[in-house]
Each structure stands twice: as structure tokens, then as C-alpha cells.
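Below: query21.txt (compact mmCIF, C-alpha atoms)
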# COMPACT_ATOMS: atom_id res chain seq x y z
CA MET N 1 -5.59 23.10 18.04
CA LYS N 2 -8.08 20.73 16.42
CA ARG N 3 -7.79 17.02 17.24
CA ILE N 4 -7.83 14.44 14.45
CA LEU N 5 -8.12 10.72 15.17
CA ILE N 6 -7.03 8.25 12.45
CA LEU N 7 -8.52 4.79 12.95
CA MET N 8 -6.91 1.77 11.30
CA THR N 9 -5.82 -1.76 12.01
CA ASP N 10 -2.59 -3.53 11.17
CA GLU N 11 -2.65 -6.60 8.99
CA GLY N 12 -0.32 -8.37 6.59
CA GLY N 13 2.34 -6.05 5.26
CA GLY N 14 1.09 -3.00 7.16
CA GLY N 15 -0.38 -1.14 4.19
CA HIS N 16 -3.17 0.45 6.24
CA ARG N 17 -0.72 1.63 8.89
CA ALA N 18 1.48 3.08 6.12
CA SER N 19 -1.48 5.04 4.72
CA ALA N 20 -2.39 6.32 8.19
CA ALA N 21 1.23 7.36 8.76
CA ALA N 22 1.30 9.13 5.38
CA LEU N 23 -1.71 11.24 6.36
CA ARG N 24 -0.29 11.95 9.83
CA ASP N 25 3.05 13.05 8.35
CA ALA N 26 1.32 15.24 5.76
CA PHE N 27 -0.64 16.96 8.55
CA LEU N 28 2.55 17.50 10.53
CA GLU N 29 4.35 18.94 7.50
CA ARG N 30 1.66 21.28 6.19
CA HIS N 31 -0.46 22.04 9.28
CA THR N 32 1.84 21.51 12.24
CA ASP N 33 0.37 24.40 14.32
CA GLN N 34 -3.27 23.62 13.59
CA PHE N 35 -3.86 19.94 14.38
CA VAL N 36 -3.00 17.23 16.87
CA VAL N 37 -3.10 13.90 15.02
CA SER N 38 -3.41 10.51 16.74
CA MET N 39 -3.35 7.03 15.18
CA VAL N 40 -5.23 4.16 16.83
CA ASP N 41 -5.29 0.48 15.88
CA LEU N 42 -8.96 -0.06 16.62
CA TRP N 43 -9.15 -3.84 16.27
CA SER N 44 -5.79 -4.99 17.62
CA GLU N 45 -5.65 -2.57 20.57
CA TYR N 46 -9.28 -2.30 21.64
CA ALA N 47 -11.34 -5.27 20.40
CA PRO N 48 -11.69 -8.12 22.92
CA PRO N 49 -10.20 -11.61 22.33
CA PRO N 50 -10.42 -13.35 19.94
CA LEU N 51 -11.41 -10.44 17.68
CA ASN N 52 -8.21 -8.56 18.51
CA ARG N 53 -6.25 -11.38 16.88
CA VAL N 54 -8.12 -11.24 13.58
CA PRO N 55 -5.62 -8.84 11.90
CA LYS N 56 -2.71 -11.12 12.85
CA GLY N 57 -4.45 -14.03 11.11
CA TYR N 58 -4.29 -12.23 7.76
CA ARG N 59 -0.86 -13.57 6.81
CA PHE N 60 -1.87 -17.13 7.73
CA LEU N 61 -5.03 -16.94 5.62
CA VAL N 62 -3.30 -15.44 2.59
CA ASN N 63 -0.31 -17.78 2.63
CA ASP N 64 -1.70 -21.06 3.96
CA VAL N 65 -5.42 -21.13 3.14
CA PRO N 66 -5.93 -18.68 0.27
CA TRP N 67 -9.18 -20.41 -0.76
CA LEU N 68 -10.67 -19.54 2.64
CA TYR N 69 -9.47 -15.94 2.40
CA ARG N 70 -10.98 -15.64 -1.08
CA PHE N 71 -14.26 -17.12 0.14
CA MET N 72 -14.41 -14.68 3.06
CA TYR N 73 -13.63 -11.76 0.74
CA GLU N 74 -16.34 -12.78 -1.73
CA VAL N 75 -18.88 -13.13 1.07
CA GLY N 76 -17.87 -9.63 2.15
CA GLU N 77 -18.78 -8.31 -1.31
CA ASN N 78 -22.46 -9.08 -0.70
CA PRO N 79 -24.07 -6.05 1.02
CA GLN N 80 -27.09 -8.12 2.09
CA LEU N 81 -24.79 -10.36 4.11
CA VAL N 82 -22.34 -7.73 5.29
CA GLU N 83 -24.75 -5.13 6.66
CA PRO N 84 -26.35 -7.30 9.38
CA VAL N 85 -22.93 -8.67 10.36
CA MET N 86 -21.47 -5.17 10.72
CA ASN N 87 -24.52 -4.00 12.69
CA ALA N 88 -24.15 -6.92 15.08
CA ALA N 89 -20.40 -6.23 15.39
CA ALA N 90 -21.11 -2.57 16.13
CA ARG N 91 -23.50 -3.49 18.95
CA PHE N 92 -21.03 -5.95 20.46
CA LEU N 93 -18.02 -3.64 20.11
CA ARG N 94 -19.79 -0.48 21.30
CA PRO N 95 -18.04 -0.20 24.71
CA PHE N 96 -14.64 -1.01 23.18
CA VAL N 97 -14.96 1.52 20.36
CA SER N 98 -16.14 4.16 22.84
CA ARG N 99 -13.07 3.45 24.96
CA ALA N 100 -10.86 4.03 21.90
CA ILE N 101 -12.48 7.35 20.98
CA ARG N 102 -13.14 9.10 24.29
CA PRO N 103 -9.55 9.82 25.42
CA HIS N 104 -8.81 11.61 22.14
CA ASN N 105 -11.99 13.72 22.12
CA PRO N 106 -11.59 14.15 18.33
CA ASP N 107 -12.90 17.04 16.25
CA LEU N 108 -12.73 14.77 13.19
CA ILE N 109 -12.22 11.05 12.60
CA VAL N 110 -10.49 9.44 9.60
CA SER N 111 -10.80 5.76 8.70
CA VAL N 112 -8.20 4.02 6.51
CA HIS N 113 -9.56 0.48 6.93
CA PRO N 114 -12.78 -1.07 5.57
CA LEU N 115 -13.74 -2.61 8.96
CA VAL N 116 -13.70 0.70 10.83
CA GLN N 117 -16.58 2.91 9.69
CA GLY N 118 -19.27 0.23 10.04
CA VAL N 119 -18.52 -0.26 13.75
CA THR N 120 -17.58 3.34 14.59
CA LEU N 121 -20.40 5.44 13.09
CA PRO N 122 -23.20 3.78 15.13
CA VAL N 123 -21.14 4.27 18.31
CA LEU N 124 -20.64 7.96 17.52
CA ALA N 125 -24.39 8.35 17.02
CA ARG N 126 -25.08 6.71 20.38
CA MET N 127 -22.44 8.93 22.02
CA LYS N 128 -24.20 11.93 20.41
CA ARG N 129 -20.91 12.95 18.79
CA THR N 130 -21.53 14.76 15.51
CA VAL N 131 -17.93 15.06 14.35
CA PRO N 132 -17.07 14.87 10.64
CA PHE N 133 -16.10 11.36 9.56
CA VAL N 134 -13.83 10.81 6.54
CA THR N 135 -13.09 7.49 4.86
CA VAL N 136 -9.82 7.28 2.93
CA VAL N 137 -9.98 4.17 0.74
CA THR N 138 -6.60 2.41 0.63
CA ASP N 139 -7.42 -0.24 -1.97
CA LEU N 140 -6.57 0.81 -5.52
CA VAL N 141 -9.18 -0.77 -7.80
CA THR N 142 -10.97 -3.77 -6.24
CA MET N 143 -12.92 -2.48 -3.22
CA SER N 144 -15.24 -4.27 -0.84
CA PRO N 145 -18.67 -2.61 -0.27
CA VAL N 146 -17.80 -2.23 3.43
CA TRP N 147 -15.55 0.67 2.42
CA PHE N 148 -18.59 2.72 1.41
CA ASP N 149 -20.88 3.91 4.19
CA ARG N 150 -23.47 6.48 3.19
CA ARG N 151 -23.29 8.12 6.64
CA VAL N 152 -19.75 9.49 6.17
CA THR N 153 -19.07 13.17 5.65
CA LEU N 154 -16.51 12.52 2.95
CA CYS N 155 -15.02 9.53 1.13
CA CYS N 156 -11.67 9.89 -0.66
CA VAL N 157 -11.03 7.31 -3.39
CA PRO N 158 -7.75 6.67 -5.24
CA SER N 159 -9.01 5.90 -8.76
CA GLU N 160 -11.81 6.30 -11.28
CA GLU N 161 -12.79 2.69 -10.61
CA GLY N 162 -13.17 3.51 -6.91
CA TYR N 163 -15.29 6.57 -7.70
CA ARG N 164 -17.71 4.49 -9.77
CA LEU N 165 -17.95 1.80 -7.08
CA ALA N 166 -18.71 4.42 -4.43
CA LEU N 167 -21.53 5.89 -6.52
CA ARG N 168 -22.90 2.39 -7.10
CA ALA N 169 -22.85 1.81 -3.33
CA GLY N 170 -25.10 4.84 -2.83
CA LEU N 171 -22.70 7.65 -1.95
CA ARG N 172 -23.51 11.04 -3.45
CA PRO N 173 -21.07 12.88 -5.75
CA GLU N 174 -20.71 15.68 -3.19
CA GLN N 175 -19.44 13.10 -0.66
CA LEU N 176 -16.65 11.93 -2.99
CA ARG N 177 -13.15 13.12 -3.82
CA GLN N 178 -10.60 11.39 -6.06
CA PHE N 179 -7.01 12.12 -5.06
CA GLY N 180 -4.94 8.96 -5.40
CA LEU N 181 -3.71 6.67 -2.66
CA PRO N 182 -1.96 8.41 0.28
CA ILE N 183 1.76 7.63 0.40
CA ARG N 184 4.51 9.10 2.58
CA PRO N 185 5.51 12.72 1.79
CA GLU N 186 9.05 11.56 0.95
CA PHE N 187 7.74 10.13 -2.33
CA SER N 188 6.81 13.64 -3.47
CA ARG N 189 10.34 14.98 -3.23
CA LEU N 190 13.02 14.97 -5.94
CA LEU N 191 15.60 12.48 -4.73
CA GLY N 192 18.44 13.14 -7.23
CA PRO N 193 20.16 11.16 -10.03
CA LYS N 194 20.03 7.37 -9.69
CA ALA N 195 23.82 7.00 -9.79
CA GLU N 196 24.21 9.30 -6.78
CA ILE N 197 21.49 7.53 -4.80
CA ARG N 198 23.01 4.12 -5.60
CA ARG N 199 26.44 5.26 -4.50
CA ALA N 200 25.03 6.54 -1.19
CA LEU N 201 23.29 3.19 -0.61
CA GLY N 202 26.39 1.12 -1.33
CA MET N 203 25.22 -0.08 -4.76
CA ALA N 204 27.12 -0.19 -8.05
CA PRO N 205 26.41 3.36 -9.31
CA GLU N 206 26.37 2.76 -13.08
CA VAL N 207 24.64 -0.65 -13.18
CA PRO N 208 20.85 -0.89 -13.73
CA ALA N 209 19.04 -2.30 -10.72
CA ALA N 210 15.96 -4.43 -10.06
CA LEU N 211 14.23 -4.01 -6.69
CA ILE N 212 12.51 -7.15 -5.38
CA VAL N 213 10.16 -6.59 -2.44
CA SER N 214 8.05 -8.92 -0.35
CA GLY N 215 5.84 -6.62 1.70
CA GLY N 216 6.28 -5.93 5.39
CA GLU N 217 5.89 -9.59 6.36
CA GLY N 218 8.14 -11.09 3.68
CA MET N 219 5.47 -13.01 1.77
CA GLY N 220 5.75 -14.72 -1.62
CA GLN N 221 8.49 -16.44 -3.63
CA VAL N 222 10.98 -13.61 -3.26
CA GLY N 223 14.06 -15.82 -2.84
CA SER N 224 13.40 -17.84 -5.99
CA ILE N 225 12.74 -14.69 -8.02
CA ALA N 226 15.87 -12.93 -6.77
CA ARG N 227 18.14 -15.89 -7.56
CA ALA N 228 16.62 -16.34 -11.02
CA VAL N 229 16.97 -12.64 -11.89
CA ALA N 230 20.58 -12.56 -10.68
CA ALA N 231 21.49 -15.70 -12.64
CA ARG N 232 19.92 -14.36 -15.85
CA LEU N 233 21.62 -10.95 -15.51
CA ALA N 234 24.95 -12.68 -14.92
CA ALA N 235 24.47 -14.76 -18.08
CA ALA N 236 23.53 -11.66 -20.11
CA ALA N 237 26.88 -9.92 -19.56
CA PRO N 238 29.73 -10.69 -21.97
CA GLU N 239 32.81 -12.15 -20.30
CA GLY N 240 34.88 -9.43 -18.64
CA ALA N 241 32.20 -6.79 -19.15
CA GLN N 242 30.23 -4.81 -16.57
CA PRO N 243 27.31 -6.82 -15.08
CA ALA N 244 24.06 -6.52 -17.04
CA GLY N 245 22.30 -5.56 -13.83
CA GLN N 246 22.19 -5.75 -10.03
CA VAL N 247 19.51 -6.73 -7.53
CA VAL N 248 18.19 -5.27 -4.30
CA VAL N 249 16.05 -7.60 -2.19
CA VAL N 250 13.91 -6.25 0.66
CA CYS N 251 12.78 -9.15 2.88
CA GLY N 252 10.58 -7.22 5.29
CA ARG N 253 10.30 -8.85 8.71
CA ASN N 254 11.08 -12.32 7.33
CA GLN N 255 14.37 -12.89 9.16
CA GLU N 256 14.74 -16.43 7.84
CA LEU N 257 14.57 -15.22 4.25
CA GLN N 258 17.00 -12.39 4.97
CA ASP N 259 19.54 -14.76 6.54
CA GLU N 260 19.21 -17.19 3.64
CA LEU N 261 19.75 -14.54 0.97
CA GLN N 262 22.59 -12.81 2.79
CA ALA N 263 24.44 -16.14 2.88
CA TYR N 264 23.87 -16.73 -0.84
CA ARG N 265 26.79 -16.28 -3.27
CA TRP N 266 25.38 -13.79 -5.74
CA PRO N 267 26.69 -13.80 -9.34
CA VAL N 268 25.94 -10.06 -9.73
CA PRO N 269 26.11 -7.12 -7.30
CA ALA N 270 23.37 -7.60 -4.70
CA VAL N 271 22.05 -5.88 -1.58
CA VAL N 272 19.80 -7.80 0.82
CA LYS N 273 17.85 -5.83 3.41
CA GLY N 274 15.26 -6.64 6.06
CA PHE N 275 12.50 -4.17 6.86
CA VAL N 276 13.46 -0.68 5.63
CA GLU N 277 11.90 2.60 6.72
CA ASP N 278 13.29 4.58 3.75
CA ILE N 279 11.88 2.40 0.96
CA TRP N 280 11.60 5.52 -1.23
CA ASN N 281 15.40 5.73 -1.45
CA TRP N 282 15.69 2.11 -2.61
CA MET N 283 12.90 2.61 -5.15
CA ALA N 284 14.51 5.79 -6.48
CA ALA N 285 17.82 3.92 -6.86
CA CYS N 286 16.33 1.17 -9.04
CA ASP N 287 15.03 0.90 -12.61
CA CYS N 288 12.12 -1.48 -11.99
CA ILE N 289 10.34 -3.16 -9.10
CA ILE N 290 9.21 -6.78 -8.76
CA THR N 291 6.35 -7.11 -6.29
CA LYS N 292 2.99 -8.64 -5.63
CA ALA N 293 0.08 -6.39 -6.58
CA GLY N 294 -0.24 -4.51 -3.29
CA PRO N 295 -1.94 -1.12 -3.79
CA GLY N 296 0.49 0.87 -1.65
CA THR N 297 3.59 -0.48 -3.37
CA ILE N 298 2.09 0.16 -6.80
CA ALA N 299 1.19 3.75 -5.85
CA GLU N 300 4.69 4.36 -4.46
CA ALA N 301 6.34 2.93 -7.58
CA LEU N 302 4.22 5.08 -9.90
CA ALA N 303 5.02 8.19 -7.87
CA LEU N 304 8.72 7.58 -8.59
CA GLY N 305 8.25 6.56 -12.23
CA LEU N 306 9.21 2.94 -11.56
CA PRO N 307 7.92 0.25 -13.99
CA VAL N 308 6.20 -2.59 -12.12
CA LEU N 309 6.67 -6.31 -12.69
CA LEU N 310 3.81 -7.98 -10.80
CA SER N 311 4.65 -11.47 -9.57
CA GLY N 312 1.34 -12.33 -7.89
CA TYR N 313 -1.70 -10.94 -6.15
CA ILE N 314 -4.01 -11.70 -3.24
CA PRO N 315 -7.32 -12.96 -4.71
CA GLY N 316 -10.06 -10.50 -3.89
CA GLN N 317 -8.66 -7.19 -2.75
CA GLU N 318 -5.71 -7.13 -5.20
CA THR N 319 -7.38 -8.75 -8.21
CA GLY N 320 -8.16 -5.49 -10.00
CA ASN N 321 -4.66 -4.08 -9.51
CA VAL N 322 -3.20 -6.38 -12.17
CA PRO N 323 -5.36 -5.17 -15.10
CA TYR N 324 -4.93 -1.60 -13.79
CA VAL N 325 -1.15 -1.84 -14.24
CA LEU N 326 -1.45 -3.58 -17.61
CA LYS N 327 -4.13 -1.24 -18.97
CA HIS N 328 -2.08 1.85 -18.20
CA GLY N 329 1.08 0.36 -19.72
CA VAL N 330 3.21 0.79 -16.60
CA GLY N 331 4.22 -2.85 -16.09
CA VAL N 332 3.71 -6.53 -16.83
CA TYR N 333 2.53 -9.64 -15.00
CA ALA N 334 4.53 -12.87 -14.65
CA GLU N 335 4.53 -15.48 -11.88
CA ASP N 336 7.32 -17.86 -12.94
CA PRO N 337 10.73 -16.73 -11.57
CA TRP N 338 12.56 -17.57 -14.80
CA GLN N 339 10.00 -15.73 -16.90
CA ILE N 340 10.40 -12.73 -14.57
CA ALA N 341 14.17 -12.97 -14.99
CA GLU N 342 13.79 -13.00 -18.79
CA VAL N 343 11.67 -9.83 -18.67
CA VAL N 344 14.20 -7.99 -16.49
CA ALA N 345 17.12 -9.06 -18.71
CA GLY N 346 15.23 -7.71 -21.72
CA TRP N 347 14.44 -4.41 -19.99
CA PHE N 348 18.09 -3.95 -19.00
CA GLY N 349 19.28 -4.95 -22.49
CA PRO N 350 17.64 -4.82 -25.92
CA GLN N 351 14.25 -3.65 -24.59
CA ARG N 352 15.58 -0.65 -22.69
CA LYS N 353 13.32 1.71 -24.70
CA ILE N 354 10.25 -0.21 -23.52
CA LEU N 355 11.40 0.22 -19.92
CA GLU N 356 11.92 3.95 -20.45
CA SER N 357 8.47 4.46 -21.98
CA MET N 358 6.88 2.55 -19.09
CA ALA N 359 8.76 4.77 -16.64
CA ALA N 360 7.43 7.90 -18.39
CA ARG N 361 3.83 6.59 -18.23
CA ALA N 362 4.29 5.66 -14.57
CA ARG N 363 5.35 9.23 -13.73
CA GLN N 364 2.26 10.57 -15.53
CA LEU N 365 -0.05 8.18 -13.66
CA GLY N 366 1.55 8.57 -10.22
CA ARG N 367 0.03 10.82 -7.55
CA PRO N 368 2.91 11.64 -5.19
CA GLU N 369 0.97 14.57 -3.67
CA ALA N 370 -2.16 12.53 -2.81
CA ALA N 371 -1.62 12.62 0.96
CA PHE N 372 -1.23 16.40 0.91
CA GLU N 373 -4.37 16.81 -1.23
CA ILE N 374 -6.41 14.62 1.14
CA VAL N 375 -5.11 16.49 4.18
CA ARG N 376 -5.97 19.85 2.58
CA GLU N 377 -9.54 18.64 1.99
CA ILE N 378 -9.85 17.43 5.60
CA ALA N 379 -8.47 20.71 6.90
CA SER N 380 -11.09 22.59 4.88
CA LEU N 381 -13.83 20.57 6.58
CA LEU N 382 -12.67 21.73 9.99
CA ALA N 383 -12.20 25.29 8.79
CA THR N 384 -15.95 25.47 8.13
CA GLU N 385 -16.88 24.05 11.54

Write out the structure in this file as C-alpha cells.
Amino acid sequence: MKRILILMTDEGGGGHRASAAALRDAFLERHTDQFVVSMVDLWSEYAPPPLNRVPKGYRFLVNDVPWLYRFMYEVGENPQLVEPVMNAAARFLRPFVSRAIRPHNPDLIVSVHPLVQGVTLPVLARMKRTVPFVTVVTDLVTMSPVWFDRRVTLCCVPSEEGYRLALRAGLRPEQLRQFGLPIRPEFSRLLGPKAEIRRALGMAPEVPAALIVSGGEGMGQVGSIARAVAARLAAAAPEGAQPAGQVVVVCGRNQELQDELQAYRWPVPAVVKGFVEDIWNWMAACDCIITKAGPGTIAEALALGLPVLLSGYIPGQETGNVPYVLKHGVGVYAEDPWQIAEVVAGWFGPQRKILESMAARARQLGRPEAAFEIVREIASLLATE
């Protein structure tokens, strides 16, 4: 059996880990007797202090000092500055990266994080390991140049914008594949009628539902948005009639937010959850999703035909995701909780046709099979070895 090593690092809401898990699960489902797949958090598990704490500082930077995060991201967009920094990091991290790779003795390495290939490829060269190296880009539109290393065997990008950026960075067309962003295999399966899924999840089966998510770490103004949407949906229903809508709030690992919202007296049917493994079920049960512009969440929503109401974005890496959603007509952008509530009330009421047309466009744009397509391409690389 061939050995595949997926290198990533965990940060923020865990989007890179989710992409790595999607590829691992796709390998297990389609090629279970051919490959042994391992996932390694290169920075958190193998880098020395204080570098191993860098991923954990992501949430602090984004939430508390966004200007500094934006500055660091913009500096990272300058190849003349990034290349010497990455070369220096590769020299310093050489023994630690070697320690991460050697026990797995991989036949192929996959990177799903922009800070992996720049420190790993020089180490492989020094180790005289000539294994294929595949980058799977997990940003949707806005991509730092560090994603694109001309030494890779293959680079899989999720969008036309990513393909153009890779060519501009010097990769050759034969090194590139455009498949979409890898999401868990469960998103590619038919999940059944919404009413049945809602009933199974303890929701009101015949009432339209808005899903409000905060990412794995529970970031953003989720509580304010959820309360505003619930209040507006309650006001939209005539007295004695069925509620105009219901809300599902996923708080991630933010226990304080979960406790606060579970204690709240909701004026419409509401479900409040913490971190959920089966997010695909909750998405499939709802009629729209309210989220910041994270690439993974957008890709998952599109795969299930779910219109997207973007409530914010991280400057830098998520900037391009907003115009992407708007340009393709699969959602809208609004930051104010009461404006968001007004949009949802319209979608669940007099603007229902708009919601339905957005859902149809989302299904056309979604790539639920992306992980399987990427895995098939990787498997073909090893078949020619």
C-alpha cells in the first residue's frame, strides 16, 4: 500500500484541518485498499516554541488586532519579502520538518496550508527524497503567493481566480488542476427532503430555517444576529399563525456564547448547538446560511444549494470571497444584525422566489465531488510511479 502524508496546521476555525480530513476521508472511501493516509499538524506538533504557538494566535489577531493581521497578510503578498523569510524558516526548521516526515516514509506528500510547501520542499531536497508533492489550495479567491511554489508536482486550485493567480506566480499549466475546494464526502450525498431532516434534528418540520454559524472557534457577532433574526421573524408572523421562520445557531467551541443563547427566551423555534461534526445535516435542514466569508463554509453551502448571507470577512484571505458570492448571485452581504434580519424575513416571505433562484444558482456553482476529483488525480500520480 502506498503511503500518503497530508501536511497542515490548525488555526482559527479549523478550515485547513477540515480540508485535510475531507481528502483523507475521500481516500478511505474510494481507495481504501491502496493507500495509507496520515495527517500531520506540521507547525503545532513539530515546530519549536514559540513558532508552535503561531497557529493558536490566529484567533487573537483576527478578533483583537485585525489591523496587525491585515498588515501581516499584505506583507505576505510581496514575493520579494516572503521568499527570503521562507528560505530562512526552512533552514531553521529543517530538523523539525525531517522529524515530521521520516516516521511516515511517504510515497507522496500533500499540503493544504500556505506555510507548508516553502519549508518542506527544501528539506525533502536535502533528504534526497524525490516524492511527488501536491499543493491543494484551500482559499477560495484571495490567495497569498506563498501558496504557489514552482517546485511542486501538482497544484490543485478551487476557482478560475486561483488558476490565474497560480499562472501569474510562475506555475505551468501542466502543473495546475481546477477542481473546487475539498469538502467532506457527506456533502456529495443526497440527504433527503428538508422536512424529514428537520424532524430528525428536532426542528419544526414545515417552518423555513436560517442557519447562523460562527466557525469552529465561535467568532463574530453571532448572538446579536441570531436575536435580531428571531425577533424579526416573530414580528413577521400574523397573530396565531405559524412562525415566519426558525433559527439554528452553531456556536462552535465558544461555550460562553452557547450558554448565553441556550438561556435566551426565543420568540420563534430555535436550536442552539456547540461544535457539530455533522454540519452537513444542519445545512441541509435550512433554507439559508448566515456566516462570515470563510472559504470552506461557502463551498459547503454551495454544494447543498444553500444561499449565503455574508455577515463579515477576515481582511486579506477572505476579501475576495465576498465579490465571488455576489458576482455569482448566490448570496448577499450585510454586517448590521437588523439589516440581516430584514433580508431573512424577506427571503422567507415576499421574496421567496429570490431565495429559490439563489439556491438553484448555488447548486450549479457548488462542487460537492471536489475531494474525490482531487484524490483521483493524486492516485493517478502514484499509479505512474

Find the residues near Ala293 in chain N: any atom within 7 Å, counting all atoms listed in the file, skip ones fewer than 3 places away on the same chain, and give them as a list in words. Ile298, Leu310, Gly312, Tyr313, Glu318, Asn321 and Val322 of chain N

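Proximity of N:Ala210, N:Val268, N:Ala370, N:Ile225 to Phe348 in chain N, computed with all atoms listed in the file, is greatest for N:Ala210.
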
Report as a ChimeraX atom specification all protein, DNA and RNA residues lying within 12 Å of Leu261 in chain N, evaluated on only C-alpha atoms, omitting residues in the same chain fewer than 5 positions from it. /N:222-227,230,247-251,254-256,266,270-274

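Using all atoms listed in the file, the nearest neighbour of Arg30 in chain N within the list N:Gln178, N:Glu239, N:Pro185, N:Ala231 is N:Pro185.
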
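The space separating CA of His113 in chain N from CA of Arg94 in chain N comes to 17.7 Å.
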
Residues within 8 Å of (-3.1, 7.5, -9.9), file coordinates, counting all atoms listed in the file: what are they? Give the list as a ChimeraX atom specification. /N:158-159,179-181,299,302,365-367

What would range 199-211 of chain N look like with N, CA and C atoms restored, written as a compact mmCIF listing (two decimals), keeping the file's coordinate frame?
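Saved result, result.txt, follows:
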# COMPACT_ATOMS: atom_id res chain seq x y z
N ARG N 199 25.14 5.14 -5.16
CA ARG N 199 26.44 5.26 -4.50
C ARG N 199 26.24 5.45 -2.99
N ALA N 200 25.29 6.28 -2.61
CA ALA N 200 25.03 6.54 -1.19
C ALA N 200 24.52 5.30 -0.48
N LEU N 201 23.86 4.40 -1.22
CA LEU N 201 23.29 3.19 -0.61
C LEU N 201 24.24 1.99 -0.70
N GLY N 202 25.43 2.21 -1.23
CA GLY N 202 26.39 1.12 -1.33
C GLY N 202 26.17 0.20 -2.52
N MET N 203 25.48 0.70 -3.55
CA MET N 203 25.22 -0.08 -4.76
C MET N 203 26.23 0.29 -5.83
N ALA N 204 26.29 -0.51 -6.90
CA ALA N 204 27.12 -0.19 -8.05
C ALA N 204 26.45 0.99 -8.78
N PRO N 205 27.10 2.15 -8.85
CA PRO N 205 26.41 3.36 -9.31
C PRO N 205 25.96 3.36 -10.76
N GLU N 206 26.67 2.68 -11.65
CA GLU N 206 26.37 2.76 -13.08
C GLU N 206 25.67 1.51 -13.61
N VAL N 207 25.25 0.61 -12.74
CA VAL N 207 24.64 -0.65 -13.18
C VAL N 207 23.14 -0.61 -12.93
N PRO N 208 22.30 -0.89 -13.96
CA PRO N 208 20.85 -0.89 -13.73
C PRO N 208 20.45 -1.87 -12.63
N ALA N 209 19.38 -1.53 -11.92
CA ALA N 209 19.04 -2.30 -10.72
C ALA N 209 17.57 -2.69 -10.72
N ALA N 210 17.32 -3.93 -10.26
CA ALA N 210 15.96 -4.43 -10.06
C ALA N 210 15.71 -4.54 -8.56
N LEU N 211 14.62 -3.94 -8.10
CA LEU N 211 14.23 -4.01 -6.69
C LEU N 211 13.18 -5.10 -6.54
